[in-house]
Structure formats: C-alpha cells, structure tokens
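Asks: Pasting final-v3.tsv below, which is TSV, C-alpha atoms.
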```
chain	number	residue	atom	x	y	z
U	1	MET	CA	27.82	-0.81	-1.46
U	2	THR	CA	27.00	-4.36	-0.32
U	3	ARG	CA	27.76	-6.44	2.72
U	4	ILE	CA	28.65	-10.00	1.84
U	5	ALA	CA	27.39	-12.81	4.05
U	6	HIS	CA	26.62	-16.53	3.99
U	7	VAL	CA	28.34	-18.24	1.06
U	8	ALA	CA	26.75	-21.48	-0.10
U	9	ASP	CA	26.76	-24.05	-2.88
U	10	THR	CA	23.30	-24.79	-4.26
U	11	CYS	CA	22.12	-28.14	-5.50
U	12	ALA	CA	22.38	-26.78	-9.05
U	13	GLY	CA	26.12	-26.25	-8.61
U	14	HIS	CA	26.07	-22.45	-8.41
U	15	ARG	CA	28.33	-20.70	-5.93
U	16	LEU	CA	26.21	-18.08	-4.19
U	17	HIS	CA	26.49	-15.46	-1.50
U	18	ALA	CA	23.86	-13.40	0.29
U	19	GLU	CA	24.26	-9.70	0.79
U	20	ARG	CA	22.51	-6.52	1.86
U	21	LEU	CA	21.94	-4.27	-1.12
U	22	MET	CA	22.88	-0.71	-0.28
U	23	GLY	CA	23.14	2.38	-2.46
U	24	HIS	CA	21.38	3.51	-5.61
U	25	ALA	CA	23.16	1.16	-8.01
U	26	ALA	CA	22.39	-1.93	-5.92
U	27	LEU	CA	18.74	-0.89	-5.58
U	28	GLN	CA	18.42	-0.48	-9.34
U	29	GLU	CA	19.95	-3.93	-9.79
U	30	ALA	CA	17.21	-5.36	-7.54
U	31	GLN	CA	14.52	-3.39	-9.38
U	32	ALA	CA	15.80	-4.66	-12.73
U	33	LEU	CA	15.71	-8.27	-11.50
U	34	ARG	CA	12.19	-7.79	-10.17
U	35	TYR	CA	11.09	-6.35	-13.51
U	36	GLN	CA	12.61	-9.25	-15.42
U	37	VAL	CA	11.11	-11.96	-13.21
U	38	PHE	CA	7.66	-10.45	-12.74
U	39	SER	CA	7.20	-9.46	-16.37
U	40	GLU	CA	8.26	-12.90	-17.59
U	41	ALA	CA	6.40	-14.95	-14.98
U	42	PHE	CA	3.20	-12.93	-14.69
U	43	GLU	CA	3.26	-10.41	-17.57
U	44	ALA	CA	2.95	-7.80	-14.83
U	45	ARG	CA	2.29	-4.13	-15.44
U	46	PHE	CA	4.06	-1.70	-13.12
U	47	LYS	CA	5.72	1.67	-12.66
U	48	GLY	CA	9.17	2.04	-14.18
U	49	ALA	CA	8.46	-0.39	-17.01
U	50	GLU	CA	9.76	2.11	-19.56
U	51	HIS	CA	13.16	1.89	-17.83
U	52	GLY	CA	13.10	-1.88	-17.35
U	53	LEU	CA	12.61	-1.46	-13.60
U	54	ASP	CA	9.99	-2.46	-11.04
U	55	GLN	CA	9.96	0.45	-8.62
U	56	ASP	CA	7.58	2.25	-6.28
U	57	GLU	CA	7.63	4.80	-3.49
U	58	LEU	CA	8.16	2.15	-0.80
U	59	ASP	CA	11.58	1.10	-2.09
U	60	ALA	CA	13.27	4.09	-0.46
U	61	HIS	CA	11.87	3.09	2.96
U	62	CYS	CA	12.78	-0.61	2.74
U	63	ARG	CA	15.93	-2.58	3.32
U	64	HIS	CA	16.88	-4.77	0.38
U	65	ILE	CA	18.73	-8.07	0.49
U	66	GLY	CA	19.83	-10.34	-2.33
U	67	VAL	CA	21.72	-13.38	-3.52
U	68	ARG	CA	24.54	-13.13	-6.04
U	69	ASP	CA	26.23	-15.76	-8.19
U	70	VAL	CA	29.88	-15.53	-7.16
U	71	THR	CA	31.13	-16.76	-10.55
U	72	THR	CA	29.21	-14.36	-12.76
U	73	GLY	CA	28.59	-11.51	-10.32
U	74	ARG	CA	24.91	-11.61	-11.28
U	75	LEU	CA	22.17	-10.77	-8.77
U	76	VAL	CA	19.87	-13.80	-8.91
U	77	ALA	CA	17.41	-13.28	-6.03
U	78	THR	CA	16.13	-10.39	-3.97
U	79	THR	CA	13.52	-9.33	-1.47
U	80	ARG	CA	12.73	-6.14	0.39
U	81	LEU	CA	12.00	-5.64	4.08
U	82	LEU	CA	9.79	-3.06	5.77
U	83	ASP	CA	9.62	-3.01	9.56
U	84	HIS	CA	6.95	-1.64	11.88
U	85	GLU	CA	8.83	1.62	12.50
U	86	ALA	CA	9.21	2.45	8.81
U	87	ALA	CA	5.60	1.41	8.19
U	88	SER	CA	4.46	3.70	11.00
U	89	SER	CA	6.19	6.69	9.43
U	90	LEU	CA	4.68	5.77	6.06
U	91	GLY	CA	1.27	5.19	7.59
U	92	ARG	CA	0.94	1.64	6.26
U	93	PHE	CA	2.56	-1.65	5.41
U	94	TYR	CA	2.80	-2.59	1.74
U	95	SER	CA	0.37	-5.48	2.29
U	96	GLU	CA	-2.32	-3.01	3.32
U	97	GLU	CA	-2.66	-1.98	-0.32
U	98	GLY	CA	-4.31	-5.33	-0.96
U	99	PHE	CA	-5.71	-6.27	2.45
U	100	ARG	CA	-7.50	-4.83	5.46
U	101	LEU	CA	-5.42	-6.26	8.29
U	102	GLN	CA	-7.74	-6.81	11.24
U	103	GLY	CA	-5.82	-7.25	14.49
U	104	LEU	CA	-2.52	-5.82	13.24
U	105	LEU	CA	-2.31	-3.27	16.05
U	106	GLN	CA	-2.87	-6.00	18.65
U	107	LEU	CA	0.15	-8.11	17.65
U	108	GLN	CA	2.56	-8.20	20.57
U	109	GLY	CA	6.09	-7.63	19.31
U	110	PRO	CA	8.09	-6.08	16.48
U	111	ILE	CA	7.00	-6.90	12.92
U	112	LEU	CA	9.01	-7.31	9.73
U	113	GLU	CA	7.24	-7.38	6.37
U	114	VAL	CA	8.84	-9.18	3.45
U	115	GLY	CA	7.80	-8.40	-0.10
U	116	ARG	CA	8.68	-8.36	-3.80
U	117	THR	CA	10.59	-11.62	-3.42
U	118	CYS	CA	11.83	-13.02	-6.71
U	119	VAL	CA	14.39	-15.51	-8.01
U	120	ALA	CA	15.84	-15.68	-11.53
U	121	ALA	CA	14.56	-18.71	-13.43
U	122	PRO	CA	17.80	-20.79	-13.57
U	123	TYR	CA	18.22	-20.44	-9.79
U	124	ARG	CA	14.79	-21.49	-8.56
U	125	ASN	CA	15.81	-24.19	-6.14
U	126	GLY	CA	15.99	-24.74	-2.42
U	127	GLY	CA	19.60	-23.65	-2.19
U	128	THR	CA	18.94	-20.16	-3.51
U	129	ILE	CA	16.00	-19.59	-1.18
U	130	ALA	CA	18.01	-20.95	1.77
U	131	THR	CA	20.84	-18.53	0.99
U	132	LEU	CA	18.42	-15.60	0.79
U	133	TRP	CA	16.74	-16.64	4.03
U	134	SER	CA	20.05	-16.94	5.82
U	135	GLU	CA	20.47	-13.19	5.38
U	136	LEU	CA	16.83	-12.60	6.32
U	137	ALA	CA	17.52	-14.56	9.50
U	138	GLU	CA	20.30	-12.16	10.38
U	139	VAL	CA	17.95	-9.20	9.97
U	140	LEU	CA	15.29	-10.91	12.12
U	141	ASN	CA	17.87	-11.62	14.79
U	142	GLU	CA	19.36	-8.12	14.82
U	143	GLY	CA	15.95	-6.45	15.04
U	144	GLY	CA	14.44	-8.90	17.51
U	145	TYR	CA	11.36	-9.21	15.29
U	146	ARG	CA	8.68	-11.55	16.57
U	147	TYR	CA	6.54	-11.66	13.42
U	148	LEU	CA	7.35	-12.02	9.74
U	149	MET	CA	4.51	-11.24	7.38
U	150	GLY	CA	3.92	-10.63	3.70
U	151	CYS	CA	2.38	-12.06	0.56
U	152	ALA	CA	3.09	-14.99	-1.72
U	153	SER	CA	1.69	-14.92	-5.25
U	154	ILE	CA	-0.12	-17.43	-7.43
U	155	SER	CA	-0.47	-16.74	-11.15
U	156	MET	CA	-3.95	-15.89	-12.43
U	157	GLN	CA	-3.05	-16.38	-16.10
U	158	ASP	CA	-5.10	-19.58	-16.20
U	159	GLY	CA	-8.20	-17.65	-15.16
U	160	GLY	CA	-7.73	-18.43	-11.48
U	161	VAL	CA	-7.95	-22.23	-11.59
U	162	GLN	CA	-4.70	-22.83	-9.72
U	163	ALA	CA	-5.28	-19.96	-7.30
U	164	HIS	CA	-8.63	-21.45	-6.26
U	165	ALA	CA	-7.19	-24.97	-6.12
U	166	VAL	CA	-4.24	-23.89	-3.97
U	167	MET	CA	-6.51	-21.94	-1.61
U	168	GLN	CA	-8.74	-24.97	-1.22
U	169	ARG	CA	-5.67	-26.91	-0.09
U	170	LEU	CA	-4.44	-24.12	2.20
U	171	ARG	CA	-7.81	-23.83	3.97
U	172	GLU	CA	-7.55	-27.47	5.01
U	173	ARG	CA	-4.17	-27.23	6.78
U	174	HIS	CA	-2.76	-23.72	7.01
U	175	LEU	CA	-5.59	-21.25	7.57
U	176	CYS	CA	-5.52	-19.37	10.88
U	177	THR	CA	-7.14	-16.02	11.64
U	178	GLN	CA	-6.64	-16.09	15.40
U	179	ASP	CA	-3.81	-13.54	15.51
U	180	LEU	CA	-4.60	-11.50	12.42
U	181	ARG	CA	-7.30	-11.54	9.78
U	182	ALA	CA	-6.48	-10.37	6.26
U	183	GLU	CA	-9.57	-9.28	4.33
U	184	PRO	CA	-8.88	-8.83	0.59
U	185	ARG	CA	-9.84	-5.46	-0.83
U	186	LYS	CA	-10.42	-7.18	-4.18
U	187	PRO	CA	-11.36	-10.86	-3.74
U	188	LEU	CA	-10.80	-13.41	-6.48
U	189	PRO	CA	-13.62	-13.83	-9.00
U	190	PRO	CA	-15.75	-16.86	-8.09
U	191	LEU	CA	-14.94	-20.05	-9.96
U	192	THR	CA	-16.21	-23.63	-9.92
U	193	LEU	CA	-13.28	-26.04	-10.05
U	194	PRO	CA	-13.34	-29.24	-12.09
U	195	ASP	CA	-13.09	-32.37	-9.93
U	196	ASN	CA	-9.75	-33.46	-11.39
U	197	VAL	CA	-7.75	-30.24	-10.79
U	198	GLY	CA	-4.54	-30.66	-8.79
U	199	ALA	CA	-3.12	-27.82	-6.71
U	200	GLN	CA	0.38	-26.82	-7.83
U	201	MET	CA	1.60	-24.73	-4.91
U	202	PRO	CA	4.26	-22.14	-5.88
U	203	ALA	CA	7.70	-22.82	-4.43
U	204	LEU	CA	7.84	-19.71	-2.25
U	205	LEU	CA	4.40	-20.29	-0.78
U	206	LYS	CA	5.26	-23.94	-0.13
U	207	ALA	CA	8.45	-22.87	1.63
U	208	TYR	CA	6.55	-20.49	3.91
U	209	MET	CA	4.13	-23.25	4.87
U	210	ARG	CA	6.99	-25.62	5.65
U	211	LEU	CA	8.49	-23.02	7.96
U	212	GLY	CA	5.25	-22.90	9.94
U	213	ALA	CA	3.60	-19.81	8.49
U	214	LYS	CA	-0.20	-19.49	8.48
U	215	VAL	CA	-2.54	-18.06	5.89
U	216	CYS	CA	-4.65	-15.30	7.44
U	217	GLY	CA	-7.60	-15.20	5.06
U	218	GLU	CA	-8.70	-15.33	1.45
U	219	PRO	CA	-6.37	-14.04	-1.30
U	220	CYS	CA	-6.64	-10.70	-3.04
U	221	TRP	CA	-6.57	-10.23	-6.79
U	222	ASP	CA	-3.74	-8.02	-8.02
U	223	GLU	CA	-4.77	-7.21	-11.58
U	224	ASP	CA	-1.58	-5.28	-12.40
U	225	PHE	CA	0.57	-8.29	-11.58
U	226	GLN	CA	-2.09	-10.79	-12.71
U	227	VAL	CA	-1.70	-12.80	-9.52
U	228	ALA	CA	-3.61	-13.89	-6.46
U	229	ASP	CA	-1.76	-12.71	-3.35
U	230	VAL	CA	-1.97	-14.91	-0.27
U	231	PHE	CA	-1.24	-13.15	3.02
U	232	ILE	CA	0.97	-15.12	5.41
U	233	LEU	CA	2.03	-14.59	9.02
U	234	LEU	CA	4.93	-16.41	10.67
U	235	LYS	CA	5.53	-16.27	14.42
U	236	ARG	CA	9.19	-16.54	15.27
U	237	GLU	CA	8.52	-19.04	18.06
U	238	ALA	CA	6.36	-21.16	15.74
U	239	LEU	CA	9.13	-21.99	13.29
U	240	CYS	CA	8.94	-25.65	12.28
U	241	PRO	CA	12.07	-27.31	13.81
U	242	ARG	CA	12.68	-29.36	10.67
U	243	TYR	CA	13.10	-26.24	8.54
U	244	ALA	CA	14.31	-23.77	11.14
U	245	ARG	CA	17.90	-24.34	10.03
U	246	HIS	CA	17.16	-21.84	7.24
U	247	PHE	CA	16.57	-19.31	10.00
U	248	LYS	CA	19.16	-20.67	12.47
U	249	ALA	CA	20.55	-17.22	13.26
U	250	ALA	CA	17.11	-15.99	14.27
U	251	VAL	CA	16.01	-18.88	16.47
```
Just give me the structure as structure tokens.

Replies:
Amino acid sequence: MTRIAHVADTCAGHRLHAERLMGHAALQEAQALRYQVFSEAFEARFKGAEHGLDQDELDAHCRHIGVRDVTTGRLVATTRLLDHEAASSLGRFYSEEGFRLQGLLQLQGPILEVGRTCVAAPYRNGGTIATLWSELAEVLNEGGYRYLMGCASISMQDGGVQAHAVMQRLRERHLCTQDLRAEPRKPLPPLTLPDNVGAQMPALLKAYMRLGAKVCGEPCWDEDFQVADVFILLKREALCPRYARHFKAAV
C-alpha cells in the first residue's frame, strides 16, 4: 500500500510522485533499489545480497518514503526514517553504529533520523531530490520534529582522496560541534593530499549543506559500503531560506 503525494516534473522530463512506502512488497521494492544503487556506486557488501536486497533489522522499525516515475511505475528514489521514539525502543539510532554521539540526549526537541537515501542513476538531479524531500517535509511537519540528522556518504574507492578533500572543504564552512559531537568509531586512514586535488562534493551532501545542515565531526569509515560517512545535523529553524522551499510544508 502506498500514499501518493506531491507530483512534480523534473528537469530531466520525468513525471514523478512522492509516496510513503507501506507493506512488505513496497519495502522489498525499496530494499531492491538500495541494493542496486549501493552495489553499483560503491560495490557495497551487505545482508540480503543473495536475494538482491539491502536489508537489516532496522527496516522494520523505520518509515520508508520514495519517489516513483509515473510513466513507468518504477521506484527511483527512497530513504528511511527513524524517529526518537522508535530509536528509544531499539536502544539506538542507526548512526550510532558508526559514531559516538556526544550530546544527543541534551538536544531539546523531537529528532528524526534519515538514512539509506539513494537515487537511481538516470534520476540523479535536483528535481528528484526535491520531490523526495517534499514528502520528508510532510513527515517533519506531522511529527513536529525539531532536528533532522543522518549520514551522507563519500566513496572510498579512490583510497580516500576525495573523502579527505571534501572534509577539508567542510571543515572550513560547515563544521559545528556546539549542539552535538559525532566521534567516528572507525576514523578514516590518514592520507596526505596532493596540492592539486579538487573536492567533488556528492550531490546529497551538497544539498544538505545548502539547506543549512552542519557537519558534527570527522567522518567514519564504513568498510562494508566502502564509503566515508559524514554525520550531519539540521535544525528546523536553521533552514536556509533560499532552499527552504524544498521543505515548505515543514517550515
């Protein structure tokens, strides 16, 4: 069962709609998309690979939202959401697998964690992300969440060059540990960068920064996914006005 919301045309000409993915079949559709994207992009290793699925024990405790191509019926983007109440019953947020979150208990207000976000390759553009975030905005609004947190990934397939270069750039403008400090359980291996390396920030991470999110510490190294995970925290009241239209229902 799905609930259709927010229909939009993307800049690539696709007709999309956002929806909440409900029921076993819809969850498996999201898990299959995650498997496809993560295995192709990062050559990730994960549970459920023998079935062509990316799945773990947290999926049953999360809400799942997605974006579908109206013409083909194909699910083309998805993310999962875990709020503070579900995390309390589980005993942890997903991000705590990779980070020690210092100050988490002192955050004043409800928290929503976003994770496992992925977009099919032909749909990686601003329109698809905006459509997905329009549904996320509805969830934020309905739950009255004050904080959005989670991780954005940078590939480590180049040995960590881009991950270190991107972090160097993030430290200059987007690092803030005042509200919460994320200490990686497995830090990145040290690396000396060549002088001429440019930082190619991944689209999702760039979008978070444009919204006004802050990076709360150094990244952790996820060897199974072969990525560097950067922990981000976004205060609802700190949304950048220029990009808040993506979250208009939550502002």

Asks: Kindly provide, as a PDB file with C-alpha atoms, in the coordinates of the input, the polymer residues lying within 10 Å of (6.8, -8.9, -15.6), counting all atoms listed in the file and using the coordinates exactly as they appear in the file.

Replies:
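Saved the output as selection39.pdb:
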```pdb
ATOM      1  CA  LEU U  33      15.710  -8.270 -11.500  1.00  0.00           C
ATOM      2  CA  ARG U  34      12.190  -7.790 -10.170  1.00  0.00           C
ATOM      3  CA  TYR U  35      11.090  -6.350 -13.510  1.00  0.00           C
ATOM      4  CA  GLN U  36      12.610  -9.250 -15.420  1.00  0.00           C
ATOM      5  CA  VAL U  37      11.110 -11.960 -13.210  1.00  0.00           C
ATOM      6  CA  PHE U  38       7.660 -10.450 -12.740  1.00  0.00           C
ATOM      7  CA  SER U  39       7.200  -9.460 -16.370  1.00  0.00           C
ATOM      8  CA  GLU U  40       8.260 -12.900 -17.590  1.00  0.00           C
ATOM      9  CA  ALA U  41       6.400 -14.950 -14.980  1.00  0.00           C
ATOM     10  CA  PHE U  42       3.200 -12.930 -14.690  1.00  0.00           C
ATOM     11  CA  GLU U  43       3.260 -10.410 -17.570  1.00  0.00           C
ATOM     12  CA  ALA U  44       2.950  -7.800 -14.830  1.00  0.00           C
ATOM     13  CA  ARG U  45       2.290  -4.130 -15.440  1.00  0.00           C
ATOM     14  CA  PHE U  46       4.060  -1.700 -13.120  1.00  0.00           C
ATOM     15  CA  ALA U  49       8.460  -0.390 -17.010  1.00  0.00           C
ATOM     16  CA  GLY U  52      13.100  -1.880 -17.350  1.00  0.00           C
ATOM     17  CA  LEU U  53      12.610  -1.460 -13.600  1.00  0.00           C
ATOM     18  CA  ASP U  54       9.990  -2.460 -11.040  1.00  0.00           C
ATOM     19  CA  ASP U 224      -1.580  -5.280 -12.400  1.00  0.00           C
ATOM     20  CA  PHE U 225       0.570  -8.290 -11.580  1.00  0.00           C
ATOM     21  CA  GLN U 226      -2.090 -10.790 -12.710  1.00  0.00           C
TER      22      GLN U 226
END
```

Asks: Enter the distance from CA of Leu211 in chain U to CA of Asn125 in chain U, in Å, rounded to one decimal.

Replies: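 Separation between CA of Leu211 in chain U and CA of Asn125 in chain U: 15.9 Å.
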
Asks: Counting all atoms listed in the file, what are the residues of range 168-225 of chain U within 6 Å of range 90-114 of chain U, and for each of them which pair of atoms is the nearest and at what distance in Å, to one decimal? Sort the table by chain and rising number, as CSV.

Replies:
```
residue,atom,partner,partner_atom,distance
U:Leu180,CA,U:Gly103,CA,4.9
U:Arg181,CA,U:Gln102,CA,5.0
U:Ala182,CA,U:Leu101,CA,4.7
U:Glu183,CA,U:Arg100,CA,5.0
U:Pro184,CA,U:Phe99,CA,4.5
U:Arg185,CA,U:Phe99,CA,5.3
```

Asks: Smallest atom-to-atom distance to Gly73 in chain U: which of U:Asp158, U:Glu142, U:Glu29, U:Glu223, using all atoms listed in the file?

Replies: U:Glu29

Asks: So the first atom is CA of Leu193 in chain U and the second is CA of His174 in chain U; what is the distance between them in Å, to one decimal place?

Replies: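 Distance between the two atoms: 20.2 Å.
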
Asks: May I ask for the distance between CA of Tyr123 in chain U and CA of Ala165 in chain U, given in Å to one decimal place?

Replies: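 Answer for the CA of Tyr123 in chain U to CA of Ala165 in chain U separation: 26.1 Å.
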